[in-house]
Amino acid sequence: MRKLLCSAALCTSFSLPVVAQDHFEMPVTADVLPGWVQADGSRMAALRLTLAPGWKTYWRAPGDAGIPPQFDWSRSKNLEATSISWPAPKVFDQNGMRSVGYEDTLVIPVRIDPARDGEPIHLRAKMALGICSDICIPHELEFDAEIDGDTLTPTPAIAAALAQRPYSASEAGVRAAECNISPTADGLQIEARVTMPSAGGKEYVVIEPGLGDIWVSEAKTKREGGAVIATSEMINVQGGPIALDRSAIRITVLGSKHAVDIRGCSSR
């Protein structure tokens with residue numbers, strides 16, 4: 001893996017050029033936005049990725065053609081927990097395949113809970129991701145940031161990214177979310193029926209099972225009146241059975257106007 005070192009020492013943020021060991025310049029730069037302290041003592045910070053024109057990276061559920069991002073925070077100090085808020089992604093069609101992700105600049109808000117309030121947070125993180133243009137490249141970013149300060153003023157770039165989050169089910173007027181689950185030769189088929197106003201244009205649904213080691217096919221999506229219906233196949237990549245928890249199933253509806261994040265679904 002080619003690595004990029006991103007530093008934000010003493011609560012400043014900036015991007016460093018890519019270190020290309022084989023003289024191929026990676027089309028991504030990154031930095032840390034230190035953000036602000038929230039009322040509960042947590043800090044809202046962000047990782048910012050800037051992609052070269054024509055390149056994209058992927059959302060947490062990237063579709064059949066994408067590479068899911070992974071984070072490792074284990075080398076950080078004074079870090080109790082993190083929580084990521086993904087901005088609503090876009091759907092890309094390329095060579096007959098769909099992927100879900102971002103282009104241009106991606107700001108990923110990260111809520112940081114310190115182990116000890118009032119002390120600096122040494123954020124040392126690795127992010128494994130995929131970046132794609134005509135080719136797709138697995139890549140690894142390293143962030144090393146000393147985050148300090150007690151400012152309460154939100155950072156505009158982070159606030160804007162938070163505003164781009166998908167609507168919750170209640171915000172979007174979702175009246176019902178139902179799942180019909182049936183066995184197949186290789187695993188399970190799930191049909192999700194979400195009763196809600198249109199999210200705009202041709203809607204695209206992503207279904208996440210809430211389980212690791214479960215491959216989920218691209219959903220076949222259609223709208224019937226007041227409901228959007230999506231069907232996916234689920235297969236355990238280890239070859240074993242699948243035990244779904246309906247409350248852990250996550251359904252995201254992506255439309256031209258907005259996106260909607262639905263947690264859990266009832267039986268039909």
# chains A, B, ... in the order shown; residues from 1 in each chain; ligands from 1
call {"tool": "residues_around", "arguments": {"residues": "Arg116 of chain A", "least_positions_apart": "2", "cutoff": "12 Å", "atoms": "only C-alpha atoms", "output": "PDB file with N, CA, C and O atoms, in the first residue's frame"}}
result
ATOM      1  N   GLY A  41     -19.049  17.643  25.912  1.00  0.00           N
ATOM      2  CA  GLY A  41     -17.630  17.382  26.104  1.00  0.00           C
ATOM      3  C   GLY A  41     -16.974  16.635  24.978  1.00  0.00           C
ATOM      4  O   GLY A  41     -15.736  16.531  24.927  1.00  0.00           O
ATOM      5  N   SER A  42     -17.761  16.072  24.062  1.00  0.00           N
ATOM      6  CA  SER A  42     -17.183  15.406  22.894  1.00  0.00           C
ATOM      7  C   SER A  42     -16.695  16.462  21.905  1.00  0.00           C
ATOM      8  O   SER A  42     -17.031  17.650  22.013  1.00  0.00           O
ATOM      9  N   LYS A  77      -4.422   8.290  21.117  1.00  0.00           N
ATOM     10  CA  LYS A  77      -4.311   8.466  22.558  1.00  0.00           C
ATOM     11  C   LYS A  77      -5.397   9.423  23.051  1.00  0.00           C
ATOM     12  O   LYS A  77      -5.763  10.364  22.362  1.00  0.00           O
ATOM     13  N   ASN A  78      -5.874   9.158  24.249  1.00  0.00           N
ATOM     14  CA  ASN A  78      -6.984   9.904  24.852  1.00  0.00           C
ATOM     15  C   ASN A  78      -8.226   9.835  23.965  1.00  0.00           C
ATOM     16  O   ASN A  78      -8.959  10.812  23.822  1.00  0.00           O
ATOM     17  N   LEU A  79      -8.458   8.671  23.395  1.00  0.00           N
ATOM     18  CA  LEU A  79      -9.605   8.463  22.514  1.00  0.00           C
ATOM     19  C   LEU A  79     -10.445   7.320  23.065  1.00  0.00           C
ATOM     20  O   LEU A  79      -9.999   6.168  23.090  1.00  0.00           O
ATOM     21  N   GLU A  80     -11.653   7.645  23.530  1.00  0.00           N
ATOM     22  CA  GLU A  80     -12.557   6.637  24.077  1.00  0.00           C
ATOM     23  C   GLU A  80     -13.380   5.974  22.982  1.00  0.00           C
ATOM     24  O   GLU A  80     -13.541   4.750  22.953  1.00  0.00           O
ATOM     25  N   ALA A  81     -13.921   6.791  22.078  1.00  0.00           N
ATOM     26  CA  ALA A  81     -14.793   6.253  21.030  1.00  0.00           C
ATOM     27  C   ALA A  81     -14.906   7.261  19.889  1.00  0.00           C
ATOM     28  O   ALA A  81     -14.669   8.458  20.066  1.00  0.00           O
ATOM     29  N   ILE A 112     -15.704  12.587  18.322  1.00  0.00           N
ATOM     30  CA  ILE A 112     -14.649  11.992  19.127  1.00  0.00           C
ATOM     31  C   ILE A 112     -15.001  12.158  20.606  1.00  0.00           C
ATOM     32  O   ILE A 112     -15.225  13.273  21.074  1.00  0.00           O
ATOM     33  N   ASP A 113     -15.071  11.033  21.303  1.00  0.00           N
ATOM     34  CA  ASP A 113     -15.274  11.061  22.758  1.00  0.00           C
ATOM     35  C   ASP A 113     -13.918  10.832  23.424  1.00  0.00           C
ATOM     36  O   ASP A 113     -13.341   9.741  23.298  1.00  0.00           O
ATOM     37  N   PRO A 114     -13.384  11.839  24.117  1.00  0.00           N
ATOM     38  CA  PRO A 114     -12.077  11.669  24.762  1.00  0.00           C
ATOM     39  C   PRO A 114     -12.178  10.785  25.995  1.00  0.00           C
ATOM     40  O   PRO A 114     -13.219  10.727  26.660  1.00  0.00           O
ATOM     41  N   GLY A 118     -10.753  17.629  28.631  1.00  0.00           N
ATOM     42  CA  GLY A 118      -9.858  18.751  28.835  1.00  0.00           C
ATOM     43  C   GLY A 118      -8.420  18.506  28.443  1.00  0.00           C
ATOM     44  O   GLY A 118      -7.593  19.414  28.540  1.00  0.00           O
ATOM     45  N   GLU A 119      -8.090  17.288  28.000  1.00  0.00           N
ATOM     46  CA  GLU A 119      -6.728  16.981  27.576  1.00  0.00           C
ATOM     47  C   GLU A 119      -6.676  16.837  26.055  1.00  0.00           C
ATOM     48  O   GLU A 119      -7.681  16.503  25.423  1.00  0.00           O
ATOM     49  N   PRO A 120      -5.503  17.080  25.440  1.00  0.00           N
ATOM     50  CA  PRO A 120      -5.384  16.939  23.986  1.00  0.00           C
ATOM     51  C   PRO A 120      -5.690  15.508  23.539  1.00  0.00           C
ATOM     52  O   PRO A 120      -5.504  14.546  24.290  1.00  0.00           O
ATOM     53  N   ILE A 121      -6.153  15.390  22.322  1.00  0.00           N
ATOM     54  CA  ILE A 121      -6.415  14.092  21.697  1.00  0.00           C
ATOM     55  C   ILE A 121      -5.365  13.883  20.609  1.00  0.00           C
ATOM     56  O   ILE A 121      -5.213  14.715  19.712  1.00  0.00           O
ATOM     57  N   HIS A 122      -4.628  12.795  20.717  1.00  0.00           N
ATOM     58  CA  HIS A 122      -3.659  12.458  19.670  1.00  0.00           C
ATOM     59  C   HIS A 122      -4.336  11.466  18.733  1.00  0.00           C
ATOM     60  O   HIS A 122      -4.496  10.290  19.052  1.00  0.00           O
TER      61      HIS A 122
END
call {"tool": "residues_around", "arguments": {"residues": "segment 239-256 of chain A", "least_positions_apart": "5", "cutoff": "9 Å", "atoms": "only C-alpha atoms", "output": "MDAnalysis selection string"}}
result
chainID A and resid 88:91 166 177 179 186:188 192 194 198:211 214 228 234 261:267
call {"tool": "write_last_selection", "arguments": {"atoms": "N, CA, C and O atoms", "output": "compact mmCIF listing (two decimals), in the first residue's frame"}}
result
# COMPACT_ATOMS: atom_id res chain seq x y z
N ALA A 88 -24.57 12.27 2.49
CA ALA A 88 -25.29 11.47 1.49
C ALA A 88 -24.41 11.27 0.26
O ALA A 88 -23.86 12.24 -0.28
N PRO A 89 -24.24 10.04 -0.20
CA PRO A 89 -23.38 9.77 -1.36
C PRO A 89 -24.12 9.91 -2.67
O PRO A 89 -25.33 10.14 -2.72
N LYS A 90 -23.38 9.72 -3.76
CA LYS A 90 -23.94 9.71 -5.11
C LYS A 90 -23.88 8.29 -5.66
O LYS A 90 -23.08 7.47 -5.22
N VAL A 91 -24.70 8.04 -6.67
CA VAL A 91 -24.67 6.76 -7.38
C VAL A 91 -23.96 6.98 -8.71
O VAL A 91 -24.32 7.87 -9.48
N PRO A 166 -28.12 12.07 5.28
CA PRO A 166 -29.48 11.66 4.92
C PRO A 166 -30.49 12.04 5.99
O PRO A 166 -30.16 12.09 7.18
N ALA A 177 -41.79 0.76 7.23
CA ALA A 177 -40.66 0.07 6.60
C ALA A 177 -40.82 -1.41 6.91
O ALA A 177 -40.71 -1.83 8.07
N CYS A 179 -40.05 -5.61 5.75
CA CYS A 179 -39.14 -6.51 5.04
C CYS A 179 -39.75 -7.90 4.96
O CYS A 179 -40.17 -8.45 5.98
N ASP A 186 -28.86 -20.17 -2.16
CA ASP A 186 -27.54 -19.78 -1.65
C ASP A 186 -27.59 -18.97 -0.36
O ASP A 186 -26.56 -18.77 0.28
N GLY A 187 -28.76 -18.47 0.00
CA GLY A 187 -28.83 -17.61 1.18
C GLY A 187 -30.24 -17.13 1.43
O GLY A 187 -31.15 -17.92 1.65
N LEU A 188 -30.43 -15.81 1.35
CA LEU A 188 -31.74 -15.21 1.60
C LEU A 188 -32.05 -14.17 0.54
O LEU A 188 -31.14 -13.55 -0.02
N ALA A 192 -37.62 -5.18 0.64
CA ALA A 192 -37.94 -4.07 1.54
C ALA A 192 -38.99 -3.18 0.88
O ALA A 192 -38.84 -2.80 -0.28
N VAL A 194 -40.80 0.40 1.61
CA VAL A 194 -40.77 1.60 2.44
C VAL A 194 -41.85 2.55 1.95
O VAL A 194 -41.83 3.02 0.79
N SER A 198 -41.65 10.54 -2.29
CA SER A 198 -40.51 10.36 -3.18
C SER A 198 -39.32 11.18 -2.71
O SER A 198 -39.47 12.32 -2.25
N ALA A 199 -38.12 10.59 -2.83
CA ALA A 199 -36.88 11.31 -2.53
C ALA A 199 -36.39 12.08 -3.75
O ALA A 199 -35.35 12.73 -3.69
N GLY A 200 -37.14 12.00 -4.84
CA GLY A 200 -36.80 12.75 -6.05
C GLY A 200 -36.22 11.89 -7.14
O GLY A 200 -35.31 11.10 -6.90
N GLY A 201 -36.76 12.03 -8.35
CA GLY A 201 -36.21 11.35 -9.51
C GLY A 201 -36.26 9.83 -9.38
O GLY A 201 -37.11 9.26 -8.71
N LYS A 202 -35.30 9.17 -10.03
CA LYS A 202 -35.20 7.72 -9.96
C LYS A 202 -34.49 7.34 -8.66
O LYS A 202 -33.32 7.66 -8.47
N GLU A 203 -35.20 6.68 -7.78
CA GLU A 203 -34.64 6.35 -6.47
C GLU A 203 -33.79 5.08 -6.54
O GLU A 203 -34.05 4.18 -7.33
N TYR A 204 -32.78 5.05 -5.68
CA TYR A 204 -31.86 3.92 -5.60
C TYR A 204 -31.77 3.52 -4.14
O TYR A 204 -31.55 4.37 -3.27
N VAL A 205 -31.95 2.25 -3.86
CA VAL A 205 -31.99 1.77 -2.48
C VAL A 205 -30.77 0.89 -2.20
O VAL A 205 -30.38 0.05 -3.02
N VAL A 206 -30.17 1.11 -1.03
CA VAL A 206 -29.09 0.26 -0.54
C VAL A 206 -29.56 -0.41 0.75
O VAL A 206 -30.06 0.26 1.66
N ILE A 207 -29.43 -1.73 0.80
CA ILE A 207 -29.82 -2.49 1.99
C ILE A 207 -28.56 -3.04 2.65
O ILE A 207 -27.75 -3.70 2.01
N GLU A 208 -28.41 -2.74 3.95
CA GLU A 208 -27.28 -3.26 4.74
C GLU A 208 -27.82 -4.21 5.79
O GLU A 208 -28.75 -3.86 6.53
N PRO A 209 -27.24 -5.41 5.92
CA PRO A 209 -27.82 -6.42 6.81
C PRO A 209 -27.51 -6.23 8.29
O PRO A 209 -28.13 -6.86 9.14
N GLY A 210 -26.52 -5.37 8.61
CA GLY A 210 -26.12 -5.22 10.00
C GLY A 210 -25.27 -6.36 10.51
O GLY A 210 -25.10 -6.53 11.72
N LEU A 211 -24.74 -7.16 9.59
CA LEU A 211 -23.89 -8.30 9.93
C LEU A 211 -22.62 -8.27 9.10
O LEU A 211 -22.64 -7.85 7.94
N ILE A 214 -21.46 -10.79 5.20
CA ILE A 214 -22.66 -11.01 4.40
C ILE A 214 -22.58 -10.16 3.14
O ILE A 214 -22.47 -8.94 3.22
N VAL A 228 -41.59 2.75 -2.06
CA VAL A 228 -40.45 2.34 -2.84
C VAL A 228 -40.10 0.92 -2.41
O VAL A 228 -40.08 0.60 -1.22
N MET A 234 -28.87 -12.00 -0.34
CA MET A 234 -27.85 -12.02 0.70
C MET A 234 -27.20 -13.40 0.75
O MET A 234 -27.89 -14.42 0.75
N ASP A 261 -32.33 7.71 5.64
CA ASP A 261 -31.70 6.63 6.40
C ASP A 261 -32.74 5.99 7.29
O ASP A 261 -33.27 6.63 8.21
N ILE A 262 -33.06 4.71 7.04
CA ILE A 262 -34.11 4.01 7.78
C ILE A 262 -33.47 2.87 8.58
O ILE A 262 -32.78 2.02 8.01
N ARG A 263 -33.66 2.89 9.88
CA ARG A 263 -33.07 1.88 10.76
C ARG A 263 -34.13 0.84 11.15
O ARG A 263 -35.09 1.16 11.84
N GLY A 264 -33.92 -0.37 10.72
CA GLY A 264 -34.81 -1.46 11.08
C GLY A 264 -36.03 -1.55 10.18
O GLY A 264 -36.45 -0.58 9.54
N CYS A 265 -36.63 -2.74 10.15
CA CYS A 265 -37.86 -2.94 9.38
C CYS A 265 -38.67 -4.04 10.05
O CYS A 265 -38.13 -4.96 10.66
N SER A 266 -39.97 -3.94 9.94
CA SER A 266 -40.87 -4.91 10.53
C SER A 266 -41.19 -6.02 9.52
O SER A 266 -40.91 -5.89 8.33
N SER A 267 -41.78 -7.10 9.99
CA SER A 267 -42.16 -8.20 9.10
C SER A 267 -43.44 -7.82 8.36
O SER A 267 -44.20 -6.97 8.80
call {"tool": "residues_around", "arguments": {"residues": "Met44 of chain A", "least_positions_apart": "4", "cutoff": "6 Å", "atoms": "only C-alpha atoms", "output": "list in words"}}
result
Gly35, Trp36, Val110 and Arg111 of chain A
call {"tool": "closest_atom_pairs", "arguments": {"of": "segment 119-200 of chain A", "to": "segment 64-74 of chain A", "cutoff": "6 Å", "atoms": "only C-alpha atoms", "output": "CSV"}}
result
residue,atom,partner,partner_atom,distance
A:Ala125,CA,A:Trp73,CA,4.7
A:Lys126,CA,A:Asp72,CA,5.1
A:Met127,CA,A:Phe71,CA,4.7
A:Ala128,CA,A:Gln70,CA,5.1
A:Leu129,CA,A:Pro69,CA,4.5
A:Gly130,CA,A:Ile67,CA,5.2
call {"tool": "write_last_selection", "arguments": {"atoms": "C-alpha atoms", "output": "PDB file, in the first residue's frame"}}
result
ATOM      1  CA  ALA A 125      -5.671   6.698  12.310  1.00  0.00           C
ATOM      2  CA  LYS A 126      -5.417   4.512   9.246  1.00  0.00           C
ATOM      3  CA  MET A 127      -8.053   4.564   6.538  1.00  0.00           C
ATOM      4  CA  ALA A 128      -8.116   1.787   3.951  1.00  0.00           C
ATOM      5  CA  LEU A 129     -10.132   2.828   0.919  1.00  0.00           C
ATOM      6  CA  GLY A 130     -10.536   2.444  -2.794  1.00  0.00           C
TER       7      GLY A 130
END
call {"tool": "select_by_dssp", "arguments": {"residues": "segment 40-100 of chain A", "states": "strand (DSSP E)", "output": "PyMOL selection string"}}
result
chain A and resi 43-51+56-58+70-72+81-84+90-94+97-100
call {"tool": "residues_around", "arguments": {"residues": "segment 159-161 of chain A", "least_positions_apart": "6", "cutoff": "12 Å", "atoms": "only C-alpha atoms", "output": "ChimeraX atom specification"}}
result
/A:33,35-36,44-48,84-89,105-110,153
call {"tool": "write_last_selection", "arguments": {"atoms": "all heavy atoms", "output": "short mmCIF file (atom, residue, chain, number, x, y, z; two decimals), in the first residue's frame"}}
result
data_model
loop_
_atom_site.label_atom_id
_atom_site.label_comp_id
_atom_site.auth_asym_id
_atom_site.auth_seq_id
_atom_site.Cartn_x
_atom_site.Cartn_y
_atom_site.Cartn_z
N LEU A 33 -9.52 18.13 10.06
CA LEU A 33 -10.12 19.36 10.54
C LEU A 33 -10.41 19.18 12.03
O LEU A 33 -11.20 18.31 12.41
CB LEU A 33 -11.42 19.66 9.78
CG LEU A 33 -11.28 19.82 8.26
CD1 LEU A 33 -12.65 20.09 7.64
CD2 LEU A 33 -10.31 20.92 7.90
N GLY A 35 -12.05 20.85 14.27
CA GLY A 35 -13.43 21.07 14.70
C GLY A 35 -13.59 21.82 16.00
O GLY A 35 -12.81 22.71 16.32
N TRP A 36 -14.61 21.41 16.78
CA TRP A 36 -14.98 22.16 17.98
C TRP A 36 -15.46 21.22 19.08
O TRP A 36 -15.78 20.06 18.83
CB TRP A 36 -16.07 23.18 17.65
CG TRP A 36 -17.40 22.57 17.27
CD1 TRP A 36 -18.45 22.31 18.10
CD2 TRP A 36 -17.81 22.13 15.96
NE1 TRP A 36 -19.50 21.76 17.40
CE2 TRP A 36 -19.14 21.64 16.09
CE3 TRP A 36 -17.20 22.12 14.70
CZ2 TRP A 36 -19.85 21.13 15.00
CZ3 TRP A 36 -17.90 21.62 13.62
CH2 TRP A 36 -19.21 21.13 13.77
N MET A 44 -16.36 17.46 17.75
CA MET A 44 -16.73 17.17 16.38
C MET A 44 -15.58 17.59 15.48
O MET A 44 -15.29 18.78 15.32
CB MET A 44 -18.01 17.91 15.99
CG MET A 44 -18.50 17.58 14.58
SD MET A 44 -18.86 15.82 14.33
CE MET A 44 -20.32 15.64 15.36
N ALA A 45 -14.87 16.62 14.92
CA ALA A 45 -13.76 16.86 14.01
C ALA A 45 -14.12 16.27 12.66
O ALA A 45 -15.28 15.88 12.42
CB ALA A 45 -12.48 16.23 14.57
N ALA A 46 -13.16 16.18 11.73
CA ALA A 46 -13.45 15.61 10.43
C ALA A 46 -12.16 15.20 9.72
O ALA A 46 -11.10 15.76 9.96
CB ALA A 46 -14.23 16.59 9.55
N LEU A 47 -12.30 14.21 8.86
CA LEU A 47 -11.26 13.86 7.90
C LEU A 47 -11.70 14.43 6.56
O LEU A 47 -12.84 14.22 6.14
CB LEU A 47 -11.10 12.34 7.80
CG LEU A 47 -10.89 11.58 9.11
CD1 LEU A 47 -10.77 10.08 8.83
CD2 LEU A 47 -9.68 12.09 9.86
N ARG A 48 -10.80 15.13 5.89
CA ARG A 48 -11.13 15.74 4.60
C ARG A 48 -10.27 15.12 3.51
O ARG A 48 -9.05 15.14 3.58
CB ARG A 48 -10.93 17.25 4.65
CG ARG A 48 -11.23 17.95 3.32
CD ARG A 48 -11.26 19.46 3.47
NE ARG A 48 -10.01 19.99 3.99
CZ ARG A 48 -9.84 21.26 4.36
NH1 ARG A 48 -10.86 22.12 4.28
NH2 ARG A 48 -8.68 21.67 4.83
N ILE A 84 -18.83 8.05 13.08
CA ILE A 84 -18.74 8.72 11.78
C ILE A 84 -20.14 9.09 11.28
O ILE A 84 -21.08 8.30 11.38
CB ILE A 84 -18.02 7.83 10.77
CG1 ILE A 84 -16.54 7.72 11.12
CG2 ILE A 84 -18.18 8.35 9.34
CD1 ILE A 84 -15.76 6.77 10.26
N SER A 85 -20.26 10.28 10.73
CA SER A 85 -21.50 10.73 10.08
C SER A 85 -21.20 10.89 8.58
O SER A 85 -20.53 11.85 8.20
CB SER A 85 -21.99 12.05 10.67
OG SER A 85 -22.32 11.90 12.03
N TRP A 86 -21.70 9.99 7.77
CA TRP A 86 -21.42 10.05 6.33
C TRP A 86 -22.37 11.03 5.64
O TRP A 86 -23.58 10.92 5.81
CB TRP A 86 -21.59 8.68 5.70
CG TRP A 86 -20.54 7.68 6.06
CD1 TRP A 86 -20.63 6.71 7.02
CD2 TRP A 86 -19.25 7.54 5.48
NE1 TRP A 86 -19.47 6.00 7.07
CE2 TRP A 86 -18.60 6.47 6.14
CE3 TRP A 86 -18.57 8.22 4.45
CZ2 TRP A 86 -17.31 6.06 5.81
CZ3 TRP A 86 -17.29 7.82 4.12
CH2 TRP A 86 -16.67 6.75 4.79
N PRO A 87 -21.85 11.96 4.85
CA PRO A 87 -22.74 12.76 4.00
C PRO A 87 -23.43 11.85 2.98
O PRO A 87 -22.93 10.75 2.67
CB PRO A 87 -21.78 13.74 3.30
CG PRO A 87 -20.53 13.72 4.11
CD PRO A 87 -20.44 12.34 4.71
N ALA A 88 -24.57 12.27 2.49
CA ALA A 88 -25.29 11.47 1.49
C ALA A 88 -24.41 11.27 0.26
O ALA A 88 -23.86 12.24 -0.28
CB ALA A 88 -26.59 12.16 1.10
N PRO A 89 -24.24 10.04 -0.20
CA PRO A 89 -23.38 9.77 -1.36
C PRO A 89 -24.12 9.91 -2.67
O PRO A 89 -25.33 10.14 -2.72
CB PRO A 89 -22.96 8.31 -1.12
CG PRO A 89 -24.19 7.72 -0.48
CD PRO A 89 -24.79 8.80 0.38
N THR A 105 -14.37 16.79 -3.29
CA THR A 105 -13.93 16.88 -1.90
C THR A 105 -14.94 16.18 -1.00
O THR A 105 -16.14 16.40 -1.11
CB THR A 105 -13.78 18.35 -1.46
OG1 THR A 105 -12.80 18.98 -2.28
CG2 THR A 105 -13.34 18.43 0.00
N LEU A 106 -14.44 15.33 -0.12
CA LEU A 106 -15.27 14.62 0.84
C LEU A 106 -14.84 14.99 2.25
O LEU A 106 -13.69 14.78 2.63
CB LEU A 106 -15.14 13.10 0.63
CG LEU A 106 -15.72 12.22 1.74
CD1 LEU A 106 -17.22 12.43 1.88
CD2 LEU A 106 -15.40 10.75 1.46
N VAL A 107 -15.76 15.55 3.02
CA VAL A 107 -15.52 15.84 4.43
C VAL A 107 -16.32 14.82 5.24
O VAL A 107 -17.54 14.74 5.12
CB VAL A 107 -15.94 17.27 4.80
CG1 VAL A 107 -15.79 17.51 6.30
CG2 VAL A 107 -15.10 18.29 4.02
N ILE A 108 -15.60 14.03 6.06
CA ILE A 108 -16.24 12.98 6.87
C ILE A 108 -16.25 13.43 8.32
O ILE A 108 -15.22 13.36 9.01
CB ILE A 108 -15.47 11.66 6.74
CG1 ILE A 108 -15.27 11.27 5.27
CG2 ILE A 108 -16.20 10.55 7.48
CD1 ILE A 108 -14.35 10.06 5.08
N PRO A 109 -17.37 13.90 8.83
CA PRO A 109 -17.43 14.30 10.25
C PRO A 109 -17.22 13.10 11.17
O PRO A 109 -17.77 12.02 10.94
CB PRO A 109 -18.84 14.88 10.39
CG PRO A 109 -19.25 15.27 9.01
CD PRO A 109 -18.63 14.22 8.12
N VAL A 110 -16.41 13.31 12.20
CA VAL A 110 -16.12 12.26 13.18
C VAL A 110 -16.35 12.82 14.58
O VAL A 110 -15.67 13.77 14.99
CB VAL A 110 -14.67 11.76 13.07
CG1 VAL A 110 -14.42 10.62 14.06
CG2 VAL A 110 -14.36 11.30 11.64
N THR A 153 -16.99 27.13 18.48
CA THR A 153 -17.50 27.61 17.20
C THR A 153 -17.40 26.53 16.13
O THR A 153 -16.31 26.02 15.85
CB THR A 153 -16.70 28.83 16.72
OG1 THR A 153 -16.74 29.85 17.73
CG2 THR A 153 -17.27 29.39 15.43
#
call {"tool": "atom_distance", "arguments": {"atom1": "atom CA of Ala52 of chain A", "atom2": "atom CA of Ala30 of chain A"}}
result
11.6 Å
